[in-house]
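A.B. asks: Could you have a look at this structure, given as structure tokens, before my questions?
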Amino acid sequence: MAAYLARRLAFSVFVLWGAVTIIFLVLRLVPGDPALLILGSDATPDEVAALRAQLGLDRPLLVQYGAYLADVARLDFGPSYRLSGDALGLVLERVPATAELAVVALSLSLLVGIPLGILAALRVDTLTDRVVSVFSLIGQSTPSFWLGIVGILVLSRTFGLLPSAGTGSPAHMVLPAVTLALPFLAILVRLTRSGLLEVIHEGYVQTARAKGLPERVVLFPHAIRNALIPIVTVVGLQFGTLLGGTVIVETVFSWPGIGRLLVDSISHRDYGVVQAAVLVIATSFVLINLVVDVLYGYLDPRVRLAGRA
Amino acid sequence: MSVIAPPAPAEAAPAAGPARRPGTARIRFALTVIAVYVAAAVVGPVLLAYDPVATRTADRLLPPGSRTSDGGLAVFGTDQVGQDLLAQMLQGARVSIAVGVATLLLAGLIGVVVGVVAGYFGGFLDGLLMRLADVQLAFPSILLAIFIAALLGPSVVNVVIVLAVSNWVTFARVVRSQVLTVRGREFVDATRTLGAGTWHVVRRCVLPACVAPVLVVATVELGHVILAEASLSFLGLGTPASTPSWGVTIANGRNYLAEAWWIATIPGLALALLVVAFGVLGDALRDRFDPRLKSL
């Protein structure tokens with residue numbers, strides 16, 4: 001297990017290094033001068049030159065990369081050009097709001113998505129299965145920003161049941177969480193259904209049936225537990241989609257999280273905050289996948305032993 | 001409680017007629033919907049002209065079914081500058097479908113090249129390219145798209161680049177695994193024994209084997225790409241306001257929810273239906289041609 005852990009940890013560090021490098025390359029490869037991009041087109045040449053020197057843009061690319069890695073390692077993304085305070089601090093302030101939203105949406109998806117998937121698989125090819133499958137397809141195909149707008153229109157504006165923006169009460173959470181959860185929930189329904197349909201024909205499930213176990217025992221400890229193992233990995237991977245979704249959902253509902261800060265900073269060319277926000281989201285994603293991998297290795301011994309051969 | 005099924009009566013099989021291939025009805029439904037959209041995108045803007053800079057203040061925010069000041073019928077209503085919403089959506093269909101197809105061509109090209117190189121030549125290159133793919137998969141793709149789009153600025157070409165960069169990995173992985181399977185087959189060895197060069201083997205033996213899985217992936221991804229384009233445009237990072245894709249129209253409508261519900265809702269419905277059609281088609285094609293790709 002220790003070797004498996006070490007391998008996963010090394011991969012996580014590698015992925016983060018890759019993310020930092022991609023950010024660096026994209027920033028430098030984009031046509032146009034980053035200093036000019038930050039200052040806007042009405043800056044004087046002197047101001048641009050000063051900022052270029054301050055950002056180290058007049059040095060060779062490899063030197064810049066080294067300096068950049070050092071800054072990132074010291075968690076220094078510089079100050080925000082728009083808001084007072086350093087970029088990373090501003091981003092970290094917003095973490096609780098986004099985490100709250102993501103956790104509620106994730107719980108909602110798991111609590112509704114997995115049972116619905118199980119239901120559809122157990123009643124495969126019946127009306128229930130069809131309805132659940134169609135619901136899942138529509139959930140995956142509907143743009144979440146549009147769903148949020150329709151939610152605001154119907155539940156807030158027409159019936160006045162729920163607040164359409166901001167935070168403060170559990171009622172404020174309902175629309176954003178449901179909007180964020182729905183695409184993820186739809187994927188979970190689909191995966192649970194197909195996963196369970198696959199194992200239900202396995203030998204050990206037939207054996208369980210053949211030896212006369214009640215259907216309840218056949219399903220829960222035998223079929224469903226094994227069907228859920230691959231879902232753990234997918235939940236980890238798809239969690240990235242959910243984190244990306246927060247950017248859109250927070251914009252629609254004026255939710256004060258990282259996503260909205262990211263979009264606001266982009267429109268104000270506040271690149272320090274943009275980089276810090278992208279890295280914070282990427283880091284949390286990598287950490288969650290690390291936890292998922294460890295969990296997976298624990299649930300399924302074949303995985304942690306596989307790399308040794 | 002399931003029991004072993006009794007052997008089917010011998011005459012049952014012929015009575016069922018020729019076995020229908022799986023998914024025929026779904027493929028027909030999806031192709032019909034997609035054909036209607038493509039026809040609307042190609043012909044629509046010709047029939048119902050859309051001028052992105054025109055403003056007709058007399059016709060602002062008319063509800064669906066209203067008559068405009070020049071006597072025309074605004075089937076889906078008008079927007080905040082008096083533009084006919086249907087005309088704008090037909091133009092938007094052009095933009096969204098064109099961006100989607102262009103993105104897939106670019107992403108598919110990158111993916112197929114990377115997949116063939118990694119799978120066929122293996123070794124160091126394979127390791128390097130696949131680790132790159134792993135890193136990118138470990139990074140939420142919409143986040144990467146937002147980041148690059150933020151730096152490049154809104155334009156149709158940039159959206160295609162951004163979405164292609166965040167979508168090539170799926171193609172590369174599928175092609176690589178297909179190449180690995182084909183590479184060891186006897187007919188490939190035979191071709192090589194007869195003196196065929198690398199390029200000939202890749203072109204005549206390896207690439208044809210990749211066509212079916214690539215088409216399946218492309219269909220599934222096309223829906224995703226159209227959704228991603230709409231999301232980027234909604235955030236103001238996709239197509240510019242002068243090229244109104246559906247995402248741009250929905251974003252505009254968001255500011256007029258109180259007065260004009262139709263601007264934001266109708267294009268979203270149109271978008272969802274198209275993405276559903278691609279989802280259905282992708283699933284059906286996969287069931288028919290390549291059941292192994294189930295996890296996509």
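Chain lettering (A, B, ...) mirrors the order of the structure tokens, residue numbering begins at 1 for each chain separately, and ligand numbering begins at 1 in order of display.
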Would you give me, as CSV, each residue of chain A having an atom within 8 Å of an atom of chain B, along with its shortest atom pair and that distance in Å to one decimal, using only C-alpha atoms and sorting by chain and residue number?

C.D. replies:
```
residue,atom,partner,partner_atom,distance
A:Phe14,CA,B:Val135,CA,7.9
A:Val15,CA,B:Val135,CA,5.0
A:Gly18,CA,B:Val135,CA,6.2
A:Ala19,CA,B:Val135,CA,7.2
A:Val26,CA,B:Ile148,CA,6.8
A:Leu27,CA,B:Leu151,CA,7.3
A:Val30,CA,B:Leu152,CA,6.6
A:Pro31,CA,B:Leu152,CA,7.8
A:Leu137,CA,B:Val276,CA,6.7
A:Ile138,CA,B:Val276,CA,6.3
A:Ser141,CA,B:Val275,CA,5.3
A:Thr142,CA,B:Ala272,CA,4.9
A:Pro143,CA,B:Leu227,CA,6.3
A:Phe145,CA,B:Ser231,CA,7.2
A:Trp146,CA,B:Gly268,CA,5.9
A:Ile149,CA,B:Arg254,CA,7.0
A:Val150,CA,B:Thr265,CA,6.7
A:Leu153,CA,B:Leu257,CA,6.8
A:Arg157,CA,B:Ala258,CA,7.4
A:Leu191,CA,B:Ser295,CA,7.9
A:Arg209,CA,B:Met1,CA,7.4
A:Glu215,CA,B:Met1,CA,7.0
A:Leu237,CA,B:Ala138,CA,7.4
A:Gly240,CA,B:Pro140,CA,4.8
A:Thr241,CA,B:Pro140,CA,6.0
A:Leu243,CA,B:Pro140,CA,7.6
A:Gly244,CA,B:Ile142,CA,5.7
A:Ile248,CA,B:Leu235,CA,7.3
A:Thr251,CA,B:Leu235,CA,8.0
A:Val263,CA,B:Leu235,CA,7.5
A:Ile266,CA,B:Ala150,CA,6.0
A:Ser267,CA,B:Ala150,CA,7.9
A:Val274,CA,B:Phe147,CA,7.8
A:Val278,CA,B:Leu143,CA,7.1
A:Ala282,CA,B:Phe139,CA,6.0
A:Phe285,CA,B:Phe139,CA,7.5
A:Val286,CA,B:Ala138,CA,6.8
```

A.B. asks: I'd like the neighbourhood of B:Val179 as a short mmCIF file (atom, residue, chain, number, x, y, z; two decimals) with N, CA and C atoms, in the first residue's frame, where a residue qualifies if any of its atoms comes within 8 Å (using only C-alpha atoms), though same-chain residues fewer than 4 positions away should be ignored.

C.D. replies:
```cif
data_model
loop_
_atom_site.label_atom_id
_atom_site.label_comp_id
_atom_site.auth_asym_id
_atom_site.auth_seq_id
_atom_site.Cartn_x
_atom_site.Cartn_y
_atom_site.Cartn_z
N GLY B 115 -2.15 9.84 -31.46
CA GLY B 115 -2.48 8.46 -31.16
C GLY B 115 -1.69 7.48 -32.01
N VAL B 116 -1.56 7.79 -33.32
CA VAL B 116 -0.82 6.89 -34.20
C VAL B 116 0.66 6.90 -33.84
N GLY B 119 1.05 5.11 -30.45
CA GLY B 119 0.73 3.69 -30.49
C GLY B 119 1.66 2.91 -31.42
N TYR B 120 2.01 3.50 -32.55
CA TYR B 120 2.77 2.75 -33.55
C TYR B 120 4.25 2.72 -33.22
N VAL B 175 -7.47 6.26 -30.42
CA VAL B 175 -6.68 5.87 -31.58
C VAL B 175 -5.48 5.04 -31.14
N ARG B 183 -1.64 -3.26 -34.58
CA ARG B 183 -0.23 -3.38 -34.92
C ARG B 183 0.26 -4.83 -34.91
N VAL B 206 -3.42 0.68 -40.53
CA VAL B 206 -3.72 1.19 -39.20
C VAL B 206 -4.88 2.20 -39.23
N ALA B 209 -8.54 1.04 -39.55
CA ALA B 209 -9.07 0.40 -38.36
C ALA B 209 -9.53 1.44 -37.34
N CYS B 210 -9.04 2.67 -37.47
CA CYS B 210 -9.38 3.71 -36.49
C CYS B 210 -10.65 4.47 -36.87
#
```

A.B. asks: Extract the full set of alpha helix (DSSP H) residues from stretch 37-285 of chain B according to DSSP on the backbone, and format it as a PyMOL selection string.

C.D. replies: chain B and resi 37-47+85-116+123-137+141-152+156-165+168-183+186-193+198-201+207-234+246-254+261-285

A.B. asks: Could you check which of A:Leu90, A:Met173, A:Val205, A:Ile229 is closest to A:Glu250, using only C-alpha atoms?

C.D. replies: A:Met173

A.B. asks: Excluding same-chain residues fewer than 4 positions from A:Ile200, what lies within 12 Å of it counting only C-alpha atoms, as a PDB file with N, CA and C atoms, in the first residue's frame?

C.D. replies:
```
ATOM      1  N   ILE A 118     -29.508   2.558  -9.838  1.00  0.00           N
ATOM      2  CA  ILE A 118     -29.786   1.196  -9.380  1.00  0.00           C
ATOM      3  C   ILE A 118     -31.210   0.799  -9.772  1.00  0.00           C
ATOM      4  N   ALA A 121     -31.436   0.010 -13.409  1.00  0.00           N
ATOM      5  CA  ALA A 121     -30.788  -1.249 -13.775  1.00  0.00           C
ATOM      6  C   ALA A 121     -31.634  -2.433 -13.342  1.00  0.00           C
ATOM      7  N   LEU A 122     -32.271  -2.316 -12.149  1.00  0.00           N
ATOM      8  CA  LEU A 122     -33.067  -3.436 -11.649  1.00  0.00           C
ATOM      9  C   LEU A 122     -34.337  -3.618 -12.470  1.00  0.00           C
ATOM     10  N   VAL A 124     -34.604  -2.969 -15.763  1.00  0.00           N
ATOM     11  CA  VAL A 124     -34.112  -2.680 -17.107  1.00  0.00           C
ATOM     12  C   VAL A 124     -35.185  -2.975 -18.159  1.00  0.00           C
ATOM     13  N   THR A 192     -24.027   4.236 -13.004  1.00  0.00           N
ATOM     14  CA  THR A 192     -24.504   3.241 -12.046  1.00  0.00           C
ATOM     15  C   THR A 192     -25.316   2.186 -12.777  1.00  0.00           C
ATOM     16  N   ARG A 193     -26.178   2.642 -13.660  1.00  0.00           N
ATOM     17  CA  ARG A 193     -27.028   1.714 -14.399  1.00  0.00           C
ATOM     18  C   ARG A 193     -26.179   0.744 -15.217  1.00  0.00           C
ATOM     19  N   SER A 194     -25.247   1.281 -16.008  1.00  0.00           N
ATOM     20  CA  SER A 194     -24.484   0.370 -16.874  1.00  0.00           C
ATOM     21  C   SER A 194     -23.539  -0.504 -16.047  1.00  0.00           C
ATOM     22  N   GLY A 195     -22.997   0.055 -14.948  1.00  0.00           N
ATOM     23  CA  GLY A 195     -22.097  -0.737 -14.104  1.00  0.00           C
ATOM     24  C   GLY A 195     -22.824  -1.916 -13.475  1.00  0.00           C
ATOM     25  N   LEU A 196     -24.030  -1.648 -12.981  1.00  0.00           N
ATOM     26  CA  LEU A 196     -24.795  -2.707 -12.318  1.00  0.00           C
ATOM     27  C   LEU A 196     -25.258  -3.750 -13.339  1.00  0.00           C
ATOM     28  N   TYR A 204     -20.383 -14.655  -9.866  1.00  0.00           N
ATOM     29  CA  TYR A 204     -20.613 -14.673  -8.419  1.00  0.00           C
ATOM     30  C   TYR A 204     -22.017 -14.218  -8.053  1.00  0.00           C
ATOM     31  N   VAL A 205     -22.654 -13.412  -8.906  1.00  0.00           N
ATOM     32  CA  VAL A 205     -24.032 -13.018  -8.624  1.00  0.00           C
ATOM     33  C   VAL A 205     -24.962 -14.204  -8.878  1.00  0.00           C
ATOM     34  N   GLN A 206     -24.682 -14.938  -9.952  1.00  0.00           N
ATOM     35  CA  GLN A 206     -25.490 -16.131 -10.240  1.00  0.00           C
ATOM     36  C   GLN A 206     -25.315 -17.165  -9.139  1.00  0.00           C
ATOM     37  N   THR A 207     -24.060 -17.292  -8.659  1.00  0.00           N
ATOM     38  CA  THR A 207     -23.819 -18.243  -7.577  1.00  0.00           C
ATOM     39  C   THR A 207     -24.644 -17.863  -6.355  1.00  0.00           C
ATOM     40  N   ALA A 208     -24.616 -16.554  -6.034  1.00  0.00           N
ATOM     41  CA  ALA A 208     -25.357 -16.090  -4.868  1.00  0.00           C
ATOM     42  C   ALA A 208     -26.834 -16.440  -5.011  1.00  0.00           C
ATOM     43  N   ARG A 209     -27.349 -16.260  -6.219  1.00  0.00           N
ATOM     44  CA  ARG A 209     -28.757 -16.578  -6.462  1.00  0.00           C
ATOM     45  C   ARG A 209     -28.986 -18.083  -6.359  1.00  0.00           C
ATOM     46  N   GLU A 215     -33.026 -12.065  -2.559  1.00  0.00           N
ATOM     47  CA  GLU A 215     -32.638 -11.108  -3.590  1.00  0.00           C
ATOM     48  C   GLU A 215     -31.945  -9.871  -2.986  1.00  0.00           C
ATOM     49  N   VAL A 218     -28.443 -10.739  -2.422  1.00  0.00           N
ATOM     50  CA  VAL A 218     -27.753 -10.885  -3.708  1.00  0.00           C
ATOM     51  C   VAL A 218     -27.362  -9.497  -4.225  1.00  0.00           C
ATOM     52  N   LEU A 219     -28.307  -8.569  -4.112  1.00  0.00           N
ATOM     53  CA  LEU A 219     -28.071  -7.254  -4.705  1.00  0.00           C
ATOM     54  C   LEU A 219     -27.075  -6.443  -3.909  1.00  0.00           C
ATOM     55  N   PHE A 220     -27.336  -6.280  -2.591  1.00  0.00           N
ATOM     56  CA  PHE A 220     -26.533  -5.293  -1.905  1.00  0.00           C
ATOM     57  C   PHE A 220     -25.085  -5.687  -1.693  1.00  0.00           C
ATOM     58  N   HIS A 222     -23.409  -8.218  -2.887  1.00  0.00           N
ATOM     59  CA  HIS A 222     -22.724  -8.832  -4.025  1.00  0.00           C
ATOM     60  C   HIS A 222     -22.660  -7.898  -5.227  1.00  0.00           C
ATOM     61  N   ALA A 223     -23.824  -7.590  -5.777  1.00  0.00           N
ATOM     62  CA  ALA A 223     -23.824  -6.875  -7.054  1.00  0.00           C
ATOM     63  C   ALA A 223     -23.491  -5.394  -6.892  1.00  0.00           C
ATOM     64  N   ILE A 224     -24.245  -4.693  -6.043  1.00  0.00           N
ATOM     65  CA  ILE A 224     -24.129  -3.238  -6.022  1.00  0.00           C
ATOM     66  C   ILE A 224     -22.765  -2.799  -5.511  1.00  0.00           C
ATOM     67  N   ARG A 225     -22.252  -3.476  -4.481  1.00  0.00           N
ATOM     68  CA  ARG A 225     -20.953  -3.042  -3.961  1.00  0.00           C
ATOM     69  C   ARG A 225     -19.877  -3.109  -5.027  1.00  0.00           C
ATOM     70  N   ASN A 226     -19.903  -4.180  -5.796  1.00  0.00           N
ATOM     71  CA  ASN A 226     -18.882  -4.308  -6.843  1.00  0.00           C
ATOM     72  C   ASN A 226     -19.126  -3.364  -8.007  1.00  0.00           C
ATOM     73  N   ALA A 227     -20.401  -3.090  -8.276  1.00  0.00           N
ATOM     74  CA  ALA A 227     -20.707  -2.178  -9.374  1.00  0.00           C
ATOM     75  C   ALA A 227     -20.248  -0.773  -9.022  1.00  0.00           C
TER      76      ALA A 227
ATOM     77  N   SER B   2     -34.071 -15.023 -11.000  1.00  0.00           N
ATOM     78  CA  SER B   2     -33.938 -15.438 -12.391  1.00  0.00           C
ATOM     79  C   SER B   2     -33.650 -16.927 -12.468  1.00  0.00           C
TER      80      SER B   2
END
```

A.B. asks: Determine, counting only C-alpha atoms, which protein, DNA and RNA residues have an atom within 10 Å of an atom of A:Leu75; residues of the same chain fewer than 4 positions away are not included. Present the result as an MDAnalysis selection string.

C.D. replies: chainID A and resid 69:71 87:89 276

A.B. asks: Could you tell me how far atom CA of A:Val252 lies from atom CA of A:Pro176, in Å and to one decimal?

C.D. replies: 8.4 Å

A.B. asks: If you measure from atom CA of A:Phe24 to atom CA of B:Asn158, what distance in Å do you get, rounded to one decimal?

C.D. replies: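 Pair atom CA of A:Phe24 / atom CA of B:Asn158 returns 18.6 Å.
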
A.B. asks: Mind giving me the straight-line distance from atom CA of A:Leu261 to atom CA of A:Val249 in Å, one decimal?

C.D. replies: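 Result for atom CA of A:Leu261 versus atom CA of A:Val249: 12.3 Å, one decimal.
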
A.B. asks: Hey, which of A:Val234, A:Leu162, A:Ile258, A:Leu16 ends up closest to A:Ala73? Count only C-alpha atoms.

C.D. replies: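 Checking each candidate against A:Ala73, we get A:Leu16 as the closest.
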